[in-house]
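Asker: After the structure tokens below, expect a handful of questions from me.
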Amino acid sequence: MPRTLEQGFGDFHSKLKLVKTESEAVKSHRSSIETCLKNNFGMNRFFRTGSIGNGTNVNGFSDTDYFAGIHRENLRDNSATTLRQVKEVLENRFSTTAGIRVDSPAVGIPFGTSASETTEIIPADYLRTTSGVNIYDIPDGKGGWMQASPKAHKDYVTDINAKLSYKVKPLIRFVKAWKFYNNVPVSSFYLEMRVAKFASSETSIAYSIDLRSIFKHLVDIDLAAMNNPAGIPGSTQACRSAAAKVEAMSKLNTALRRANNARDCESSGNIKDAFYWWNLLFDHNFTSYYY
């Protein structure tokens, strides 16, 4: 029996949002990381952030992020030096874990074979509390420090999601899924905040319509850096390098063509072919047209 597009996106979202129950091994790793950083850096706070906690993760791809609060006197002026030092102590603690790496603003520890089994540690210096949210300095990828507030970002997305019938977080997941399935070298955080900002001016969300609109918007702005819409000072870059941006724009234009084709098919009542184009856009991971 054929599915409607609404059913297709609903089933696709159910697949994307799955999160495995945290194993005892993962809990043990987290405890060991916390002890290691306390002993080596005098860490005073340790909390989970990122897409899993925000409800915008993609099953099998999104890693687990933690902010590690460290007093300024135990950090270096050059954030790259701090990241290298964090990497070294974690390598000593997890000597049998291969592939521990710096991936600014974090140090990544791959405890398994998939991206979702990676734990990322972000060294953070608490600066102040403003309007009920904590502001931190974290590495900026260039040796300096930039301001960030996980709660401000989470509250911003959550508020817009609630105003639009809880359809914004699924929309974010769909855009991130496109990124992961097609190996697009663009920041997940950038995509999350761009989609939320785009949705903030909408009155309703229809996935097949708004996905196409978001891809067009990203093409039209040429993946420009964006000021933080949650009110935190600083801007967010889409890509790490000019070469990465060229690749990302090429894949983005392909996505827009496929979304346009899907919308054309939907408008003409050809739902089966609309499923075909969405499936192609998501690298053959979209749900089947038939039950």
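Ordered as shown in the structure tokens, chains take letters A, B, and onward, while each chain numbers its residues from 1 and ligands are numbered from 1 in the order shown.
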List the neighbours of Leu75 (chain A) out to 12 Å using only C-alpha atoms; skip same-chain residues closer than 5 positions along the sequence, and give me the result as an mmCIF file with N, CA, C and O atoms, in the first residue's frame.

Answerer:
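Output below, filename result-v8.cif:
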```cif
data_model
loop_
_atom_site.group_PDB
_atom_site.id
_atom_site.type_symbol
_atom_site.label_atom_id
_atom_site.label_comp_id
_atom_site.auth_asym_id
_atom_site.auth_seq_id
_atom_site.Cartn_x
_atom_site.Cartn_y
_atom_site.Cartn_z
ATOM 1 N N ASN A 40 43.946 16.411 36.141
ATOM 2 C CA ASN A 40 44.967 17.080 35.335
ATOM 3 C C ASN A 40 44.730 18.574 35.140
ATOM 4 O O ASN A 40 45.684 19.323 34.925
ATOM 5 N N PHE A 41 43.469 19.002 35.200
ATOM 6 C CA PHE A 41 43.170 20.405 34.899
ATOM 7 C C PHE A 41 42.330 21.097 35.971
ATOM 8 O O PHE A 41 41.957 22.258 35.803
ATOM 9 N N GLY A 42 42.016 20.377 37.039
ATOM 10 C CA GLY A 42 41.157 20.979 38.053
ATOM 11 C C GLY A 42 39.771 21.286 37.526
ATOM 12 O O GLY A 42 39.154 22.284 37.913
ATOM 13 N N MET A 43 39.255 20.440 36.643
ATOM 14 C CA MET A 43 37.937 20.666 36.039
ATOM 15 C C MET A 43 36.875 20.805 37.130
ATOM 16 O O MET A 43 36.838 20.018 38.082
ATOM 17 N N ALA A 68 33.742 20.683 29.265
ATOM 18 C CA ALA A 68 34.590 20.462 30.434
ATOM 19 C C ALA A 68 35.004 21.827 30.973
ATOM 20 O O ALA A 68 35.854 22.504 30.392
ATOM 21 N N GLY A 69 34.368 22.248 32.071
ATOM 22 C CA GLY A 69 34.653 23.557 32.639
ATOM 23 C C GLY A 69 35.994 23.571 33.361
ATOM 24 O O GLY A 69 36.202 22.805 34.307
ATOM 25 N N ILE A 70 36.892 24.440 32.908
ATOM 26 C CA ILE A 70 38.247 24.523 33.459
ATOM 27 C C ILE A 70 38.557 25.981 33.766
ATOM 28 O O ILE A 70 38.290 26.865 32.946
ATOM 29 N N ALA A 80 44.671 26.138 20.815
ATOM 30 C CA ALA A 80 45.198 24.932 20.166
ATOM 31 C C ALA A 80 46.140 24.188 21.112
ATOM 32 O O ALA A 80 46.183 22.953 21.123
ATOM 33 N N THR A 81 46.895 24.931 21.917
ATOM 34 C CA THR A 81 47.780 24.314 22.901
ATOM 35 C C THR A 81 46.960 23.589 23.959
ATOM 36 O O THR A 81 47.289 22.459 24.368
ATOM 37 N N THR A 82 45.890 24.217 24.425
ATOM 38 C CA THR A 82 45.001 23.575 25.397
ATOM 39 C C THR A 82 44.432 22.281 24.840
ATOM 40 O O THR A 82 44.425 21.242 25.513
ATOM 41 N N LEU A 83 43.957 22.312 23.599
ATOM 42 C CA LEU A 83 43.391 21.110 22.989
ATOM 43 C C LEU A 83 44.437 20.005 22.881
ATOM 44 O O LEU A 83 44.139 18.827 23.133
ATOM 45 N N ARG A 84 45.661 20.380 22.528
ATOM 46 C CA ARG A 84 46.730 19.379 22.431
ATOM 47 C C ARG A 84 47.007 18.758 23.802
ATOM 48 O O ARG A 84 47.200 17.547 23.921
ATOM 49 N N GLN A 85 47.009 19.582 24.847
ATOM 50 C CA GLN A 85 47.248 19.067 26.194
ATOM 51 C C GLN A 85 46.121 18.149 26.660
ATOM 52 O O GLN A 85 46.371 17.106 27.281
ATOM 53 N N VAL A 86 44.885 18.520 26.373
ATOM 54 C CA VAL A 86 43.752 17.659 26.716
ATOM 55 C C VAL A 86 43.863 16.328 25.978
ATOM 56 O O VAL A 86 43.640 15.245 26.558
ATOM 57 N N PRO A 123 36.942 21.863 25.965
ATOM 58 C CA PRO A 123 37.396 22.652 27.115
ATOM 59 C C PRO A 123 36.714 24.014 27.115
ATOM 60 O O PRO A 123 36.615 24.672 26.079
ATOM 61 N N ALA A 124 36.215 24.418 28.275
ATOM 62 C CA ALA A 124 35.399 25.639 28.351
ATOM 63 C C ALA A 124 35.714 26.407 29.625
ATOM 64 O O ALA A 124 35.867 25.822 30.699
ATOM 65 N N ASP A 125 35.820 27.717 29.476
ATOM 66 C CA ASP A 125 36.044 28.609 30.613
ATOM 67 C C ASP A 125 34.775 29.401 30.873
ATOM 68 O O ASP A 125 34.321 30.157 30.011
ATOM 69 N N TYR A 126 34.186 29.213 32.047
ATOM 70 C CA TYR A 126 32.977 29.960 32.409
ATOM 71 C C TYR A 126 33.300 31.450 32.499
ATOM 72 O O TYR A 126 34.247 31.859 33.171
ATOM 73 N N ASP A 137 33.907 30.557 27.222
ATOM 74 C CA ASP A 137 34.890 30.633 26.157
ATOM 75 C C ASP A 137 35.255 29.220 25.750
ATOM 76 O O ASP A 137 35.569 28.374 26.621
ATOM 77 N N ILE A 138 35.251 28.934 24.448
ATOM 78 C CA ILE A 138 35.685 27.636 23.937
ATOM 79 C C ILE A 138 36.628 27.879 22.757
ATOM 80 O O ILE A 138 36.656 28.974 22.197
ATOM 81 N N PRO A 139 37.439 26.892 22.360
ATOM 82 C CA PRO A 139 38.349 27.068 21.233
ATOM 83 C C PRO A 139 37.618 27.468 19.959
ATOM 84 O O PRO A 139 36.527 26.967 19.664
ATOM 85 N N GLY A 144 42.462 30.892 19.012
ATOM 86 C CA GLY A 144 41.861 31.822 19.962
ATOM 87 C C GLY A 144 40.689 31.183 20.680
ATOM 88 O O GLY A 144 40.517 29.964 20.692
ATOM 89 N N TRP A 145 39.873 32.038 21.283
ATOM 90 C CA TRP A 145 38.712 31.588 22.033
ATOM 91 C C TRP A 145 37.475 32.343 21.557
ATOM 92 O O TRP A 145 37.577 33.488 21.137
#
```

Asker: Where in region 127-170 of chain A does DSSP assign strand (DSSP E or B), given as a list in words?

Answerer: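 Selecting the strand (DSSP E or B) positions of region 127-170 of chain A gives Leu127, Arg128, Thr129, Thr130, Val133, Asn134, Ile135, Tyr136, Asp137, Ile138, Pro139, Trp145, Met146, Gln147 and Ala148 of chain A.
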
Asker: Given the choices A:Asn92, A:Asn39, A:Ser51, A:Thr4, which gets closest to Asn270 (chain A) if the distance is worked out from only C-alpha atoms?

Answerer: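 Ranking A:Asn92, A:Asn39, A:Ser51, A:Thr4 by distance to Asn270 (chain A), first place goes to A:Thr4.
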
Asker: List as a PyMOL selection string the protein and nucleic acid residues near Ser131 (chain A), meaning an atom at most 12 Å away when only C-alpha atoms are counted, but skip any in the same chain fewer than 6 places from it.

Answerer: chain A and resi 149+151-152+155+230-232

Asker: Produce a table with one row for each residue of region 166-241 of chain A that has an atom at most 12 Å from any atom of region 96-107 of chain A, each row naming the nearest atom pair and its distance in Å at one decimal; use only C-alpha atoms; arrange rows by chain and rising residue number; format as a Markdown table.

Answerer:
```
| residue | atom | partner | partner_atom | distance |
| --- | --- | --- | --- | --- |
| A:Ser187 | CA | A:Ser104 | CA | 11.7 |
| A:Phe189 | CA | A:Pro105 | CA | 12.0 |
| A:Arg240 | CA | A:Ser104 | CA | 10.2 |
```

Asker: Given the selection you just returned, output its residues as a file containing N, CA and C atoms, formatted as a PDB file, in the first residue's frame.

Answerer:
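Now in again-v3.pdb:
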```pdb
ATOM      1  N   SER A 187      29.282  22.520   8.785  1.00  0.00           N
ATOM      2  CA  SER A 187      29.089  22.389  10.222  1.00  0.00           C
ATOM      3  C   SER A 187      27.645  22.023  10.579  1.00  0.00           C
ATOM      4  N   PHE A 189      26.361  22.398  13.534  1.00  0.00           N
ATOM      5  CA  PHE A 189      25.852  23.501  14.359  1.00  0.00           C
ATOM      6  C   PHE A 189      25.362  24.645  13.470  1.00  0.00           C
ATOM      7  N   ARG A 240      35.103  24.715   7.145  1.00  0.00           N
ATOM      8  CA  ARG A 240      36.426  24.936   7.722  1.00  0.00           C
ATOM      9  C   ARG A 240      37.409  25.574   6.749  1.00  0.00           C
TER      10      ARG A 240
END
```

Asker: Tell me, which residues of region 16-254 of chain A carry DSSP helix (DSSP H, G or I), written as a count of residues only?

Answerer: 111

Asker: Please identify all polymer residues within 12 Å of Asp159 (chain A), counting only C-alpha atoms, omitting same-chain residues fewer than 3 positions from it, and present them as a ChimeraX atom specification.

Answerer: /A:54,151-156,162-169,196-197,199-200,230

Asker: Could the residues in this selection be written to a file with all heavy atoms, as a short mmCIF file (atom, residue, chain, number, x, y, z; two decimals), in the first residue's frame?

Answerer:
```
data_model
loop_
_atom_site.label_atom_id
_atom_site.label_comp_id
_atom_site.auth_asym_id
_atom_site.auth_seq_id
_atom_site.Cartn_x
_atom_site.Cartn_y
_atom_site.Cartn_z
N ASN A 54 19.78 18.03 22.68
CA ASN A 54 18.85 19.02 22.12
C ASN A 54 17.72 18.39 21.32
O ASN A 54 16.79 19.08 20.89
CB ASN A 54 19.60 20.00 21.22
CG ASN A 54 20.53 20.90 22.01
OD1 ASN A 54 20.51 20.91 23.23
ND2 ASN A 54 21.37 21.64 21.29
N LYS A 151 23.04 26.35 26.63
CA LYS A 151 21.65 26.53 27.05
C LYS A 151 20.95 27.59 26.20
O LYS A 151 19.78 27.42 25.82
CB LYS A 151 21.57 26.93 28.52
CG LYS A 151 20.12 26.96 29.05
CD LYS A 151 20.05 27.24 30.52
CE LYS A 151 18.62 27.08 31.05
NZ LYS A 151 17.62 27.88 30.34
N ALA A 152 21.65 28.68 25.87
CA ALA A 152 21.04 29.70 25.02
C ALA A 152 20.68 29.13 23.66
O ALA A 152 19.60 29.40 23.12
CB ALA A 152 21.98 30.89 24.87
N HIS A 153 21.57 28.33 23.10
CA HIS A 153 21.30 27.72 21.79
C HIS A 153 20.13 26.74 21.88
O HIS A 153 19.24 26.73 21.02
CB HIS A 153 22.55 26.99 21.28
CG HIS A 153 23.72 27.89 21.08
ND1 HIS A 153 25.01 27.51 21.36
CD2 HIS A 153 23.79 29.17 20.66
CE1 HIS A 153 25.84 28.51 21.10
NE2 HIS A 153 25.12 29.53 20.67
N LYS A 154 20.14 25.92 22.93
CA LYS A 154 19.06 24.95 23.11
C LYS A 154 17.72 25.65 23.30
O LYS A 154 16.72 25.27 22.68
CB LYS A 154 19.36 24.05 24.30
CG LYS A 154 18.31 22.98 24.55
CD LYS A 154 18.70 22.09 25.72
CE LYS A 154 17.65 21.02 25.95
NZ LYS A 154 18.03 20.11 27.06
N ASP A 155 17.70 26.69 24.13
CA ASP A 155 16.45 27.42 24.38
C ASP A 155 15.93 28.08 23.12
O ASP A 155 14.71 28.10 22.86
CB ASP A 155 16.67 28.48 25.46
CG ASP A 155 16.87 27.89 26.85
OD1 ASP A 155 16.66 26.67 27.02
OD2 ASP A 155 17.25 28.65 27.77
N TYR A 156 16.84 28.62 22.30
CA TYR A 156 16.44 29.29 21.06
C TYR A 156 15.73 28.31 20.13
O TYR A 156 14.63 28.59 19.63
CB TYR A 156 17.68 29.87 20.37
CG TYR A 156 17.41 30.53 19.05
CD1 TYR A 156 16.87 31.81 18.99
CD2 TYR A 156 17.69 29.89 17.85
CE1 TYR A 156 16.60 32.43 17.77
CE2 TYR A 156 17.44 30.49 16.62
CZ TYR A 156 16.89 31.76 16.59
OH TYR A 156 16.64 32.36 15.38
N ALA A 162 8.57 24.78 19.58
CA ALA A 162 7.26 24.75 20.25
C ALA A 162 6.25 25.63 19.53
O ALA A 162 5.06 25.29 19.43
CB ALA A 162 7.42 25.19 21.70
N LYS A 163 6.71 26.77 19.00
CA LYS A 163 5.79 27.70 18.32
C LYS A 163 5.29 27.14 16.99
O LYS A 163 4.26 27.57 16.48
CB LYS A 163 6.49 29.04 18.09
CG LYS A 163 6.73 29.83 19.37
CD LYS A 163 7.54 31.09 19.11
CE LYS A 163 7.84 31.85 20.39
NZ LYS A 163 8.71 33.02 20.18
N LEU A 164 6.03 26.19 16.43
CA LEU A 164 5.66 25.64 15.12
C LEU A 164 5.30 24.16 15.22
O LEU A 164 5.71 23.34 14.41
CB LEU A 164 6.81 25.86 14.13
CG LEU A 164 6.99 27.33 13.72
CD1 LEU A 164 8.33 27.54 13.02
CD2 LEU A 164 5.84 27.78 12.82
N SER A 165 4.51 23.85 16.24
CA SER A 165 3.92 22.52 16.40
C SER A 165 4.96 21.41 16.48
O SER A 165 4.73 20.29 16.01
CB SER A 165 2.92 22.23 15.27
OG SER A 165 1.93 23.22 15.23
N TYR A 166 6.13 21.73 17.02
CA TYR A 166 7.21 20.76 17.25
C TYR A 166 7.70 20.11 15.95
O TYR A 166 8.12 18.95 15.94
CB TYR A 166 6.75 19.69 18.26
CG TYR A 166 6.34 20.31 19.57
CD1 TYR A 166 5.00 20.60 19.83
CD2 TYR A 166 7.29 20.65 20.52
CE1 TYR A 166 4.61 21.21 21.02
CE2 TYR A 166 6.91 21.26 21.71
CZ TYR A 166 5.59 21.54 21.96
OH TYR A 166 5.23 22.15 23.13
N LYS A 167 7.68 20.90 14.88
CA LYS A 167 8.15 20.38 13.59
C LYS A 167 9.53 20.91 13.19
O LYS A 167 10.06 20.51 12.15
CB LYS A 167 7.13 20.74 12.50
CG LYS A 167 5.84 19.94 12.59
CD LYS A 167 4.96 20.18 11.38
CE LYS A 167 3.77 19.24 11.36
NZ LYS A 167 2.95 19.41 10.13
N VAL A 168 10.10 21.81 13.99
CA VAL A 168 11.39 22.40 13.61
C VAL A 168 12.55 21.44 13.90
O VAL A 168 13.46 21.31 13.08
CB VAL A 168 11.60 23.75 14.32
CG1 VAL A 168 13.00 24.31 14.02
CG2 VAL A 168 10.54 24.74 13.87
N LYS A 169 12.51 20.77 15.03
CA LYS A 169 13.60 19.83 15.33
C LYS A 169 13.65 18.68 14.31
O LYS A 169 14.74 18.30 13.87
CB LYS A 169 13.48 19.31 16.76
CG LYS A 169 13.84 20.37 17.80
CD LYS A 169 13.86 19.82 19.21
CE LYS A 169 14.26 20.91 20.21
NZ LYS A 169 14.35 20.40 21.59
N ALA A 196 16.86 26.86 12.25
CA ALA A 196 16.05 27.49 13.30
C ALA A 196 15.75 28.94 12.96
O ALA A 196 14.62 29.42 13.12
CB ALA A 196 16.76 27.38 14.64
N LYS A 197 16.77 29.66 12.49
CA LYS A 197 16.58 31.07 12.12
C LYS A 197 15.59 31.18 10.96
O LYS A 197 14.71 32.05 10.96
CB LYS A 197 17.92 31.68 11.74
CG LYS A 197 17.86 33.17 11.38
CD LYS A 197 17.54 34.01 12.60
CE LYS A 197 17.75 35.50 12.37
NZ LYS A 197 16.88 36.06 11.34
N ALA A 199 13.20 29.07 10.21
CA ALA A 199 11.87 28.71 10.70
C ALA A 199 11.25 29.79 11.57
O ALA A 199 10.02 29.88 11.66
CB ALA A 199 11.94 27.39 11.48
N SER A 200 12.08 30.63 12.17
CA SER A 200 11.57 31.65 13.09
C SER A 200 10.65 32.64 12.40
O SER A 200 9.83 33.29 13.06
CB SER A 200 12.73 32.40 13.76
OG SER A 200 13.44 33.20 12.81
N ALA A 230 21.08 33.33 18.80
CA ALA A 230 20.72 33.21 20.21
C ALA A 230 21.24 34.38 21.03
O ALA A 230 21.06 34.43 22.24
CB ALA A 230 21.26 31.90 20.78
#
```

Asker: What's around region 114-122 of chain A at 6 Å? Count only C-alpha atoms, leave out sequence neighbours fewer than 4 positions away in its own chain, and write the answer as a list of chain:residue names.

Answerer: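 Here the qualifying residues turn out to be A:Gly60, A:Phe61, A:Ser62, A:Asp63, A:Thr64, A:Asp65, A:Tyr66, A:Phe67, A:Ala68, A:Pro105, A:Ala106, A:Val107, A:Gly108, A:Ile109, A:Pro110.
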